[in-house]
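Here the structure comes first, spelled out in structure tokens, and everything after it is commentary.
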Amino acid sequence: MSAIWGIVALDTQSKIPENCKNIFEQSYKTTCKLDRYESYSSTNAYIGCGIQFITKEAEAEILPIIDYNKNIVFASDCILDNRNEIIHLLSNHHYTEEQLLSSSDGALMYMMYSLYGADCAQYFRGLFLLLYGIAKVILSL
């Protein structure tokens with residue numbers, strides 16, 4: 001489980017305030033119990049993710065996921081109740097068993113998103129929020 005925060009200007013002409021990263025991170029650091037946080041900033045976007053080590057796989061969680069090849073920015077706040085079912089579905093594709101078993105819930109969700117797009121949400125059971133967008137806008141490519 002994690003936390004997602006940030007701001008995105010949906011056009012490439014707008015710029016986010018330079019101090020928004022400090023404002024968000026200070027607020028989350030003082031009010032939330034986070035084991036680690038990661039963020040991504042560009043001129044028109046700031047996305048932060050706070051990670052809690054609720055499962056052993058969460059320690060390796062990398063959020064947000066930035067996939068430059070597919071122009072996708074992806075973050076999730078999740079605990080998958082059907083983790084084994086998702087791993088089974090993904091095992092029918094090009095992922096190794098070792099890769100799937102060691103992946104965080106957020107990484108598994110991204111793998112499903114890569115295969116099924118927004119329809120991936122129908123396969124998930126548990127607590128989750130997904131954030132995904134077109135990287136050309138968010139990443140200012």
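Residue numbering restarts at 1 in every chain; chains get A, B, ... in the order shown in the structure tokens, and ligands count up from 1 in that same order.
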Practice task
Quick one: pick out all strand (DSSP E or B) residues within stretch 73-122 of chain A from a backbone DSSP run and write them as number ranges by chain.
Solution key: A: 73-80
Take the residues just selected and output them with N, CA and C atoms as a PDB file, in the first residue's frame.
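Heads up, here's the output in selection.pdb:
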```
ATOM      1  N   VAL A  73       2.962   6.789 -17.884  1.00  0.00           N
ATOM      2  CA  VAL A  73       3.285   7.037 -16.485  1.00  0.00           C
ATOM      3  C   VAL A  73       2.232   6.285 -15.684  1.00  0.00           C
ATOM      4  N   PHE A  74       2.666   5.484 -14.724  1.00  0.00           N
ATOM      5  CA  PHE A  74       1.737   4.608 -14.000  1.00  0.00           C
ATOM      6  C   PHE A  74       2.094   4.606 -12.515  1.00  0.00           C
ATOM      7  N   ALA A  75       1.099   4.746 -11.685  1.00  0.00           N
ATOM      8  CA  ALA A  75       1.293   4.603 -10.237  1.00  0.00           C
ATOM      9  C   ALA A  75       0.063   3.909  -9.677  1.00  0.00           C
ATOM     10  N   SER A  76       0.241   3.212  -8.598  1.00  0.00           N
ATOM     11  CA  SER A  76      -0.892   2.543  -7.968  1.00  0.00           C
ATOM     12  C   SER A  76      -0.733   2.577  -6.458  1.00  0.00           C
ATOM     13  N   ASP A  77      -1.849   2.655  -5.792  1.00  0.00           N
ATOM     14  CA  ASP A  77      -1.920   2.545  -4.344  1.00  0.00           C
ATOM     15  C   ASP A  77      -2.740   1.285  -4.134  1.00  0.00           C
ATOM     16  N   CYS A  78      -2.082   0.195  -3.726  1.00  0.00           N
ATOM     17  CA  CYS A  78      -2.807  -1.070  -3.807  1.00  0.00           C
ATOM     18  C   CYS A  78      -2.340  -2.134  -2.819  1.00  0.00           C
ATOM     19  N   ILE A  79      -3.266  -2.996  -2.521  1.00  0.00           N
ATOM     20  CA  ILE A  79      -3.009  -4.298  -1.911  1.00  0.00           C
ATOM     21  C   ILE A  79      -3.900  -5.267  -2.686  1.00  0.00           C
ATOM     22  N   LEU A  80      -3.275  -6.191  -3.394  1.00  0.00           N
ATOM     23  CA  LEU A  80      -4.035  -7.158  -4.182  1.00  0.00           C
ATOM     24  C   LEU A  80      -4.414  -8.359  -3.327  1.00  0.00           C
TER      25      LEU A  80
END
```
Practice task
Find the residues around stretch 3-6 of chain A up to 8 Å (only C-alpha atoms counted), leave out those fewer than 6 positions away in its own chain, and share them as a ChimeraX atom specification.
Solution key: /A:21,24,45-51,75-77
Write the residues of the preceding selection, restricted to N, CA, C and O atoms, as an mmCIF file, in the first residue's frame.
```
data_model
loop_
_atom_site.group_PDB
_atom_site.id
_atom_site.type_symbol
_atom_site.label_atom_id
_atom_site.label_comp_id
_atom_site.auth_asym_id
_atom_site.auth_seq_id
_atom_site.Cartn_x
_atom_site.Cartn_y
_atom_site.Cartn_z
ATOM 1 N N LYS A 21 6.660 20.405 -5.302
ATOM 2 C CA LYS A 21 7.289 19.194 -4.775
ATOM 3 C C LYS A 21 7.540 19.347 -3.278
ATOM 4 O O LYS A 21 7.193 18.470 -2.493
ATOM 5 N N PHE A 24 4.078 19.325 -1.267
ATOM 6 C CA PHE A 24 3.493 17.984 -1.157
ATOM 7 C C PHE A 24 4.331 17.085 -0.255
ATOM 8 O O PHE A 24 3.804 16.429 0.636
ATOM 9 N N ALA A 45 4.522 18.584 -14.652
ATOM 10 C CA ALA A 45 3.973 17.522 -13.806
ATOM 11 C C ALA A 45 4.886 17.235 -12.621
ATOM 12 O O ALA A 45 6.100 17.366 -12.712
ATOM 13 N N TYR A 46 4.261 16.873 -11.526
ATOM 14 C CA TYR A 46 4.969 16.342 -10.360
ATOM 15 C C TYR A 46 4.105 15.212 -9.828
ATOM 16 O O TYR A 46 2.913 15.396 -9.569
ATOM 17 N N ILE A 47 4.680 14.022 -9.720
ATOM 18 C CA ILE A 47 3.969 12.866 -9.180
ATOM 19 C C ILE A 47 4.836 12.266 -8.086
ATOM 20 O O ILE A 47 5.996 11.936 -8.313
ATOM 21 N N GLY A 48 4.276 12.151 -6.895
ATOM 22 C CA GLY A 48 4.981 11.539 -5.780
ATOM 23 C C GLY A 48 4.260 10.290 -5.315
ATOM 24 O O GLY A 48 3.035 10.186 -5.415
ATOM 25 N N CYS A 49 5.033 9.332 -4.846
ATOM 26 C CA CYS A 49 4.475 8.080 -4.340
ATOM 27 C C CYS A 49 5.164 7.746 -3.024
ATOM 28 O O CYS A 49 6.392 7.653 -2.973
ATOM 29 N N GLY A 50 4.382 7.575 -1.986
ATOM 30 C CA GLY A 50 4.900 7.148 -0.697
ATOM 31 C C GLY A 50 4.678 5.659 -0.545
ATOM 32 O O GLY A 50 3.592 5.156 -0.803
ATOM 33 N N ILE A 51 5.719 4.948 -0.141
ATOM 34 C CA ILE A 51 5.651 3.493 -0.050
ATOM 35 C C ILE A 51 5.654 3.069 1.412
ATOM 36 O O ILE A 51 6.443 3.561 2.211
ATOM 37 N N ALA A 75 1.099 4.746 -11.685
ATOM 38 C CA ALA A 75 1.293 4.603 -10.237
ATOM 39 C C ALA A 75 0.063 3.909 -9.677
ATOM 40 O O ALA A 75 -1.022 3.985 -10.248
ATOM 41 N N SER A 76 0.241 3.212 -8.598
ATOM 42 C CA SER A 76 -0.892 2.543 -7.968
ATOM 43 C C SER A 76 -0.733 2.577 -6.458
ATOM 44 O O SER A 76 0.373 2.563 -5.939
ATOM 45 N N ASP A 77 -1.849 2.655 -5.792
ATOM 46 C CA ASP A 77 -1.920 2.545 -4.344
ATOM 47 C C ASP A 77 -2.740 1.285 -4.134
ATOM 48 O O ASP A 77 -3.930 1.269 -4.412
#
```
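Comparing the minimum interatomic distances between A:Ile65 and each of A:Glu98, A:Asp119, A:Glu38, A:Glu18, counting only C-alpha atoms, we find that A:Glu38 sits nearest.
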Problem - Residue set, chain A restricted to helix (DSSP H, G or I), as JSON, numbers by chain - result: {"A": [20, 21, 22, 23, 24, 25, 26, 27, 28, 29, 30, 31, 56, 57, 58, 59, 60, 83, 84, 85, 86, 87, 88, 89, 90, 91, 97, 98, 99, 100, 101, 102, 105, 106, 107, 108, 109, 110, 111, 112, 113, 114, 115, 116, 117, 118, 119, 120, 121, 122, 123, 135, 136, 137, 138]}
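Minimum distance to A:Ile72 across A:Ser27, A:Gln99, A:Ser114, A:Gln13 (counting only C-alpha atoms) occurs at A:Ser114.
In this structure, atom CA of A:Asp105 sits 7.5 Å away from atom CA of A:Glu57.
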Practice task
Show which residues sit within 8 Å of stretch 82-91 of chain A, as a PyMOL selection string. Count only C-alpha atoms, and ignore same-chain residues fewer than 4 positions away.
Solution key: chain A and resi 95-97+100-101+105+108+111-112+123-126
Restricting the output to C-alpha atoms, write the selected residues as a PDB file, in the first residue's frame.
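Contents of the output file selection-v8.pdb:
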```pdb
ATOM      1  CA  TYR A  95       7.178 -13.088 -17.612  1.00  0.00           C
ATOM      2  CA  THR A  96       9.219 -15.620 -15.629  1.00  0.00           C
ATOM      3  CA  GLU A  97       7.884 -17.199 -12.450  1.00  0.00           C
ATOM      4  CA  LEU A 100       6.305 -12.500 -11.027  1.00  0.00           C
ATOM      5  CA  LEU A 101       6.750 -13.856  -7.500  1.00  0.00           C
ATOM      6  CA  ASP A 105       1.598  -5.488  -6.315  1.00  0.00           C
ATOM      7  CA  LEU A 108       1.962  -6.678 -11.218  1.00  0.00           C
ATOM      8  CA  MET A 111       2.161  -5.665 -16.172  1.00  0.00           C
ATOM      9  CA  MET A 112      -1.591  -6.232 -16.401  1.00  0.00           C
ATOM     10  CA  TYR A 123      -9.176  -8.488 -12.896  1.00  0.00           C
ATOM     11  CA  PHE A 124      -8.110  -6.903  -9.595  1.00  0.00           C
ATOM     12  CA  ARG A 125      -9.580  -7.732  -6.183  1.00  0.00           C
ATOM     13  CA  GLY A 126      -8.475  -5.781  -3.143  1.00  0.00           C
TER      14      GLY A 126
END
```
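Residues lying within 10 Å of A:Phe53, counting only C-alpha atoms and ignoring same-chain neighbours fewer than 3 positions away, are Met1, Ser2, Leu34, Asp35, Arg36, Lys56, Glu57, Ala58, Glu59, Ala60 and Glu61 of chain A.
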Residues from last step as file, N, CA and C atoms, as a PDB file, in the first residue's frame:
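Heads up, here's the output in out13.pdb:
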```pdb
ATOM      1  N   MET A   1       0.852  -1.174   0.000  1.00  0.00           N
ATOM      2  CA  MET A   1       0.000   0.000   0.000  1.00  0.00           C
ATOM      3  C   MET A   1       0.890   1.227   0.000  1.00  0.00           C
ATOM      4  N   SER A   2       0.431   2.258  -0.641  1.00  0.00           N
ATOM      5  CA  SER A   2       1.230   3.456  -0.758  1.00  0.00           C
ATOM      6  C   SER A   2       0.315   4.664  -0.793  1.00  0.00           C
ATOM      7  N   LEU A  34       5.381   6.767   6.182  1.00  0.00           N
ATOM      8  CA  LEU A  34       5.921   6.240   4.937  1.00  0.00           C
ATOM      9  C   LEU A  34       7.297   5.658   5.205  1.00  0.00           C
ATOM     10  N   ASP A  35       7.579   4.513   4.620  1.00  0.00           N
ATOM     11  CA  ASP A  35       8.906   3.924   4.740  1.00  0.00           C
ATOM     12  C   ASP A  35       9.868   4.509   3.715  1.00  0.00           C
ATOM     13  N   ARG A  36       9.320   4.956   2.590  1.00  0.00           N
ATOM     14  CA  ARG A  36      10.138   5.529   1.530  1.00  0.00           C
ATOM     15  C   ARG A  36       9.215   6.267   0.582  1.00  0.00           C
ATOM     16  N   LYS A  56       6.399  -8.109   1.894  1.00  0.00           N
ATOM     17  CA  LYS A  56       7.840  -8.203   1.602  1.00  0.00           C
ATOM     18  C   LYS A  56       8.158  -7.689   0.211  1.00  0.00           C
ATOM     19  N   GLU A  57       7.237  -7.830  -0.734  1.00  0.00           N
ATOM     20  CA  GLU A  57       7.453  -7.351  -2.092  1.00  0.00           C
ATOM     21  C   GLU A  57       7.437  -5.818  -2.171  1.00  0.00           C
ATOM     22  N   ALA A  58       6.753  -5.179  -1.226  1.00  0.00           N
ATOM     23  CA  ALA A  58       6.640  -3.716  -1.241  1.00  0.00           C
ATOM     24  C   ALA A  58       7.986  -3.022  -1.061  1.00  0.00           C
ATOM     25  N   GLU A  59       8.945  -3.689  -0.435  1.00  0.00           N
ATOM     26  CA  GLU A  59      10.259  -3.078  -0.248  1.00  0.00           C
ATOM     27  C   GLU A  59      10.937  -2.798  -1.580  1.00  0.00           C
ATOM     28  N   ALA A  60      10.596  -3.552  -2.610  1.00  0.00           N
ATOM     29  CA  ALA A  60      11.186  -3.362  -3.936  1.00  0.00           C
ATOM     30  C   ALA A  60      10.299  -2.502  -4.845  1.00  0.00           C
ATOM     31  N   GLU A  61       9.206  -1.985  -4.305  1.00  0.00           N
ATOM     32  CA  GLU A  61       8.262  -1.190  -5.102  1.00  0.00           C
ATOM     33  C   GLU A  61       8.954   0.019  -5.716  1.00  0.00           C
TER      34      GLU A  61
END
```
